[in-house]
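Here the structure is laid out as structure tokens; the discussion comes afterwards.
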Amino acid sequence: DPGFCKMNTYNPRSGLESLIVTPCSRASANQRTGRAGRVGPGKCFRLYTAWAFANEMDENTIPEIQRTNLGNVVLLLKSLGIDDLLNFDFLDPPPSETLLKALEGLYALGALNDHGELTKLGRKMAEFPLDPMLSKTVIAADSLGCTEEVISIVSMLSLQNNVFFRPKDRKEAADNVRKAFTDPLGDHLTLLNVWNRYADSGFSSQWCHEHFIQVKAMKRARDIREQLVGLLDRVELELKSSSDSVAIRKAFAAGFFTNSARLQRSGDSYRSVKHNQIMYIHPSSVLFGNNPSWVLYFELMFTAKEYMRQIIEISPSWLIEAAPHYFKNDEVDAKEAAKSQFS
């Protein structure tokens, strides 16, 4: 037992979710030790000192509610009529800063009004078992006529980058097959291509094996999609289909406008629109190396650098259209001028 684990940690100040290698807790270490004797006699060798165990490790693992984005939790509590969140009797109270950040995010999405009360849009969003930004995207897709495509993409995004596999002995073949699904406008539309081809195959497991795609992941995406389609009637949305990539990307801009970034003069890095944070396109993205001027990302992960994952190319005008209360016209105009000067 090396005494380490990978832990997802959310920083409310930067909005950054980081996968950090950190010492595990004493409870985890003892649980790992128990595995040695689970099916037969065994021994556990701890690769750290007894002093480190006693003094450098926490007694228990930090509860997830204290280290993740609470947008969905706050939306659920609000929908249940619980308004005083700071004094709510949590079993493990999360940091007040994380709660306030979640409230700010929901207000920006239009789920809460000026008094912190749930809006009509917020009530619709609460019906979906999704992150609030994904819920807003699905609702926005209704007015843009592309609900079917957006729900398919949302279902695929829920798989957490676990769609393709790459066998060691067939890497080149797997890469070539993956290229056939690629959409130059970004990862979301690439995932939509995968879903459509999977559906056309009659949800065939054999097709998945032939195209180096995880069978279990696609079955899970299918289950998620069926659940979301079943919820549309409850929130008075229709299942509409459109092949217009602009409409699909605009729907995601309506939900993820806070996750927007623009290309820097250096041409290899991006800066977030609101927080001026430097970030990079993850090498797994289909846009890696293309570097469009403006992008929207699904998640931000910190490993060696701050990496954007699951990205699409957007127009900055869509940000003003989606969230005029969040962005300023002159702010985008200034950035547009800078972008033109750079090009």
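If you're wondering about the labels, chains in the structure tokens are A, B, ... by order shown, residues count from 1 in each chain, ligands from 1 in order shown.
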
Which polymer residues have any atom within 7 Å of an atom of A:Met57, counting only C-alpha atoms, with same-chain residues fewer than 6 positions away left out, as a compact mmCIF listing (two decimals) with N, CA and C atoms, in the first residue's frame?
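selection-v4.txt, written as the output of this step:
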```txt
# COMPACT_ATOMS: atom_id res chain seq x y z
N PRO A 23 -2.33 11.90 0.10
CA PRO A 23 -2.30 10.78 1.05
C PRO A 23 -3.71 10.32 1.40
N CYS A 24 -3.93 9.01 1.44
CA CYS A 24 -5.26 8.50 1.79
C CYS A 24 -5.47 8.65 3.31
N SER A 25 -6.67 8.40 3.76
CA SER A 25 -6.97 8.50 5.20
C SER A 25 -6.59 7.20 5.91
N ARG A 26 -6.55 7.28 7.23
CA ARG A 26 -6.25 6.07 8.02
C ARG A 26 -7.35 5.03 7.83
```

Could you list, with a cut-off of 9 Å and counting only C-alpha atoms, the residues of stretch 240-322 of chain A near stretch 160-183 of chain A, each shown with its nearest atom pair and the distance in Å rounded to one decimal, rows sorted by chain and ascending number, as CSV?
```
residue,atom,partner,partner_atom,distance
A:Val286,CA,A:Thr182,CA,6.7
A:Arg309,CA,A:Asn161,CA,8.6
A:Gln310,CA,A:Asn161,CA,8.1
```

Please build the interface table for stretch 129-233 of chain A against stretch 238-253 of chain A with a cut-off of 6 Å, listing for each qualifying residue the nearest atom pair and the distance in Å to one decimal; count only C-alpha atoms, order rows by chain and increasing number, and write it as CSV.
```
residue,atom,partner,partner_atom,distance
A:Thr137,CA,A:Phe252,CA,5.3
A:Ala140,CA,A:Ala251,CA,5.4
A:Ala141,CA,A:Ala251,CA,5.1
A:Leu144,CA,A:Ala247,CA,5.8
A:Gly145,CA,A:Lys240,CA,5.3
A:Cys146,CA,A:Ser241,CA,4.8
A:Thr147,CA,A:Lys240,CA,5.1
A:Glu148,CA,A:Ser241,CA,5.2
```

Can you list, as a PyMOL selection string, every protein, DNA or RNA residue that comes within 12 Å of A:Ala54 when you count only C-alpha atoms, leaving out same-chain residues fewer than 4 positions away? chain A and resi 25-27+29+48-50+58-59

Could you dump the residues just selected with N, CA, C and O atoms as a PDB file, in the first residue's frame?
```
ATOM      1  N   SER A  25      -6.672   8.405   3.763  1.00  0.00           N
ATOM      2  CA  SER A  25      -6.974   8.503   5.198  1.00  0.00           C
ATOM      3  C   SER A  25      -6.586   7.198   5.911  1.00  0.00           C
ATOM      4  O   SER A  25      -6.368   6.162   5.275  1.00  0.00           O
ATOM      5  N   ARG A  26      -6.548   7.275   7.230  1.00  0.00           N
ATOM      6  CA  ARG A  26      -6.249   6.072   8.015  1.00  0.00           C
ATOM      7  C   ARG A  26      -7.353   5.026   7.827  1.00  0.00           C
ATOM      8  O   ARG A  26      -7.083   3.826   7.768  1.00  0.00           O
ATOM      9  N   ALA A  27      -8.591   5.494   7.704  1.00  0.00           N
ATOM     10  CA  ALA A  27      -9.712   4.573   7.476  1.00  0.00           C
ATOM     11  C   ALA A  27      -9.538   3.828   6.152  1.00  0.00           C
ATOM     12  O   ALA A  27      -9.779   2.619   6.060  1.00  0.00           O
ATOM     13  N   ALA A  29      -6.660   3.310   4.601  1.00  0.00           N
ATOM     14  CA  ALA A  29      -5.500   2.418   4.739  1.00  0.00           C
ATOM     15  C   ALA A  29      -5.911   1.119   5.432  1.00  0.00           C
ATOM     16  O   ALA A  29      -5.505   0.020   5.024  1.00  0.00           O
ATOM     17  N   TYR A  48       5.028   3.230   3.985  1.00  0.00           N
ATOM     18  CA  TYR A  48       5.192   4.493   4.714  1.00  0.00           C
ATOM     19  C   TYR A  48       5.389   4.148   6.182  1.00  0.00           C
ATOM     20  O   TYR A  48       5.120   3.013   6.607  1.00  0.00           O
ATOM     21  N   THR A  49       5.846   5.109   6.936  1.00  0.00           N
ATOM     22  CA  THR A  49       6.208   4.846   8.336  1.00  0.00           C
ATOM     23  C   THR A  49       4.990   4.892   9.254  1.00  0.00           C
ATOM     24  O   THR A  49       3.953   5.463   8.909  1.00  0.00           O
ATOM     25  N   ALA A  50       5.154   4.296  10.408  1.00  0.00           N
ATOM     26  CA  ALA A  50       4.096   4.340  11.419  1.00  0.00           C
ATOM     27  C   ALA A  50       3.845   5.776  11.868  1.00  0.00           C
ATOM     28  O   ALA A  50       2.705   6.169  12.158  1.00  0.00           O
ATOM     29  N   ASP A  58      -5.268  11.906   7.578  1.00  0.00           N
ATOM     30  CA  ASP A  58      -6.517  12.226   8.264  1.00  0.00           C
ATOM     31  C   ASP A  58      -7.152  10.935   8.775  1.00  0.00           C
ATOM     32  O   ASP A  58      -6.933   9.859   8.213  1.00  0.00           O
ATOM     33  N   GLU A  59      -7.962  11.067   9.814  1.00  0.00           N
ATOM     34  CA  GLU A  59      -8.602   9.868  10.366  1.00  0.00           C
ATOM     35  C   GLU A  59      -9.590   9.270   9.369  1.00  0.00           C
ATOM     36  O   GLU A  59      -9.665   8.064   9.184  1.00  0.00           O
TER      37      GLU A  59
END
```

What are the DSSP alpha helix (DSSP H) residues of stretch 172-251 of chain A, as an NGL selection string? :A and (172-181 or 187-200 or 205-210 or 215-231 or 245-251)

Any chance you could export the current selection's C-alpha atoms as a CSV table (one decimal), in the first residue's frame?
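Wrote it out as out_27.csv, contents follow:
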```csv
chain,number,residue,atom,x,y,z
A,172,GLU,CA,-3.2,2.5,-35.2
A,173,ALA,CA,-6.4,0.8,-36.2
A,174,ALA,CA,-8.3,2.3,-33.2
A,175,ASP,CA,-7.0,5.8,-34.0
A,176,ASN,CA,-8.1,5.4,-37.7
A,177,VAL,CA,-11.6,4.3,-36.7
A,178,ARG,CA,-11.9,7.1,-34.2
A,179,LYS,CA,-11.0,9.7,-37.0
A,180,ALA,CA,-14.0,8.5,-39.0
A,181,PHE,CA,-16.3,9.9,-36.2
A,187,ASP,CA,-16.0,16.9,-29.3
A,188,HIS,CA,-19.8,17.2,-28.6
A,189,LEU,CA,-20.6,16.7,-32.3
A,190,THR,CA,-18.1,13.9,-32.5
A,191,LEU,CA,-19.9,12.1,-29.6
A,192,LEU,CA,-23.2,12.8,-31.5
A,193,ASN,CA,-21.8,11.0,-34.5
A,194,VAL,CA,-20.8,8.0,-32.4
A,195,TRP,CA,-24.3,7.8,-30.8
A,196,ASN,CA,-26.1,8.1,-34.2
A,197,ARG,CA,-24.0,5.4,-35.8
A,198,TYR,CA,-24.6,3.2,-32.7
A,199,ALA,CA,-28.4,3.8,-33.0
A,200,ASP,CA,-28.3,3.0,-36.7
A,205,SER,CA,-22.5,-4.9,-29.3
A,206,GLN,CA,-20.7,-6.3,-32.3
A,207,TRP,CA,-20.6,-2.9,-33.9
A,208,CYS,CA,-19.0,-1.5,-30.7
A,209,HIS,CA,-16.3,-4.1,-30.7
A,210,GLU,CA,-15.5,-3.5,-34.4
A,215,VAL,CA,-20.1,-1.6,-25.0
A,216,LYS,CA,-21.0,-1.0,-21.3
A,217,ALA,CA,-20.6,2.7,-21.7
A,218,MET,CA,-22.9,2.9,-24.7
A,219,LYS,CA,-25.5,0.8,-22.9
A,220,ARG,CA,-25.3,3.2,-20.0
A,221,ALA,CA,-25.7,6.2,-22.4
A,222,ARG,CA,-28.8,4.5,-23.8
A,223,ASP,CA,-30.3,4.1,-20.4
A,224,ILE,CA,-29.6,7.8,-19.5
A,225,ARG,CA,-31.0,9.0,-22.8
A,226,GLU,CA,-34.2,7.0,-22.3
A,227,GLN,CA,-34.6,8.4,-18.8
A,228,LEU,CA,-34.2,12.0,-20.0
A,229,VAL,CA,-36.6,11.5,-22.9
A,230,GLY,CA,-39.1,10.2,-20.4
A,231,LEU,CA,-38.8,13.4,-18.4
A,245,SER,CA,-24.8,22.3,-35.8
A,246,VAL,CA,-25.2,26.0,-35.0
A,247,ALA,CA,-28.4,25.4,-33.1
A,248,ILE,CA,-26.8,22.5,-31.1
A,249,ARG,CA,-23.8,24.6,-30.2
A,250,LYS,CA,-26.0,27.6,-29.2
A,251,ALA,CA,-28.0,25.3,-26.9
```

With distances taken over only C-alpha atoms, which residue among A:Ser155, A:Ser260, A:Glu127, A:Arg67 lies nearest A:Ile320? A:Ser260

A:Ile312 environment, 7 Å, only C-alpha atoms, sequence neighbours closer than 4 positions dropped, as a CSV table (one decimal) with N, CA and C atoms, in the first residue's frame:
```
chain,number,residue,atom,x,y,z
A,185,LEU,N,-15.9,20.6,-35.7
A,185,LEU,CA,-16.4,21.7,-34.8
A,185,LEU,C,-16.3,21.3,-33.3
A,186,GLY,N,-15.9,20.1,-33.0
A,186,GLY,CA,-15.7,19.8,-31.6
A,186,GLY,C,-16.1,18.4,-31.1
A,187,ASP,N,-15.8,18.2,-29.9
A,187,ASP,CA,-16.0,16.9,-29.3
A,187,ASP,C,-17.5,16.5,-29.1
A,188,HIS,N,-18.3,17.5,-28.8
A,188,HIS,CA,-19.8,17.2,-28.6
A,188,HIS,C,-20.4,16.6,-29.9
A,295,VAL,N,-13.9,29.0,-27.7
A,295,VAL,CA,-14.3,27.7,-27.4
A,295,VAL,C,-15.2,27.6,-26.1
A,296,LEU,N,-15.9,26.5,-26.0
A,296,LEU,CA,-16.7,26.3,-24.8
A,296,LEU,C,-16.4,24.9,-24.4
A,297,TYR,N,-16.1,24.7,-23.1
A,297,TYR,CA,-15.6,23.4,-22.6
A,297,TYR,C,-16.6,22.8,-21.6
```

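Shortest atom-to-atom contact with A:Leu91 among A:Ile65, A:Val235, A:Ile20, A:Leu75: A:Ile65, counting only C-alpha atoms.
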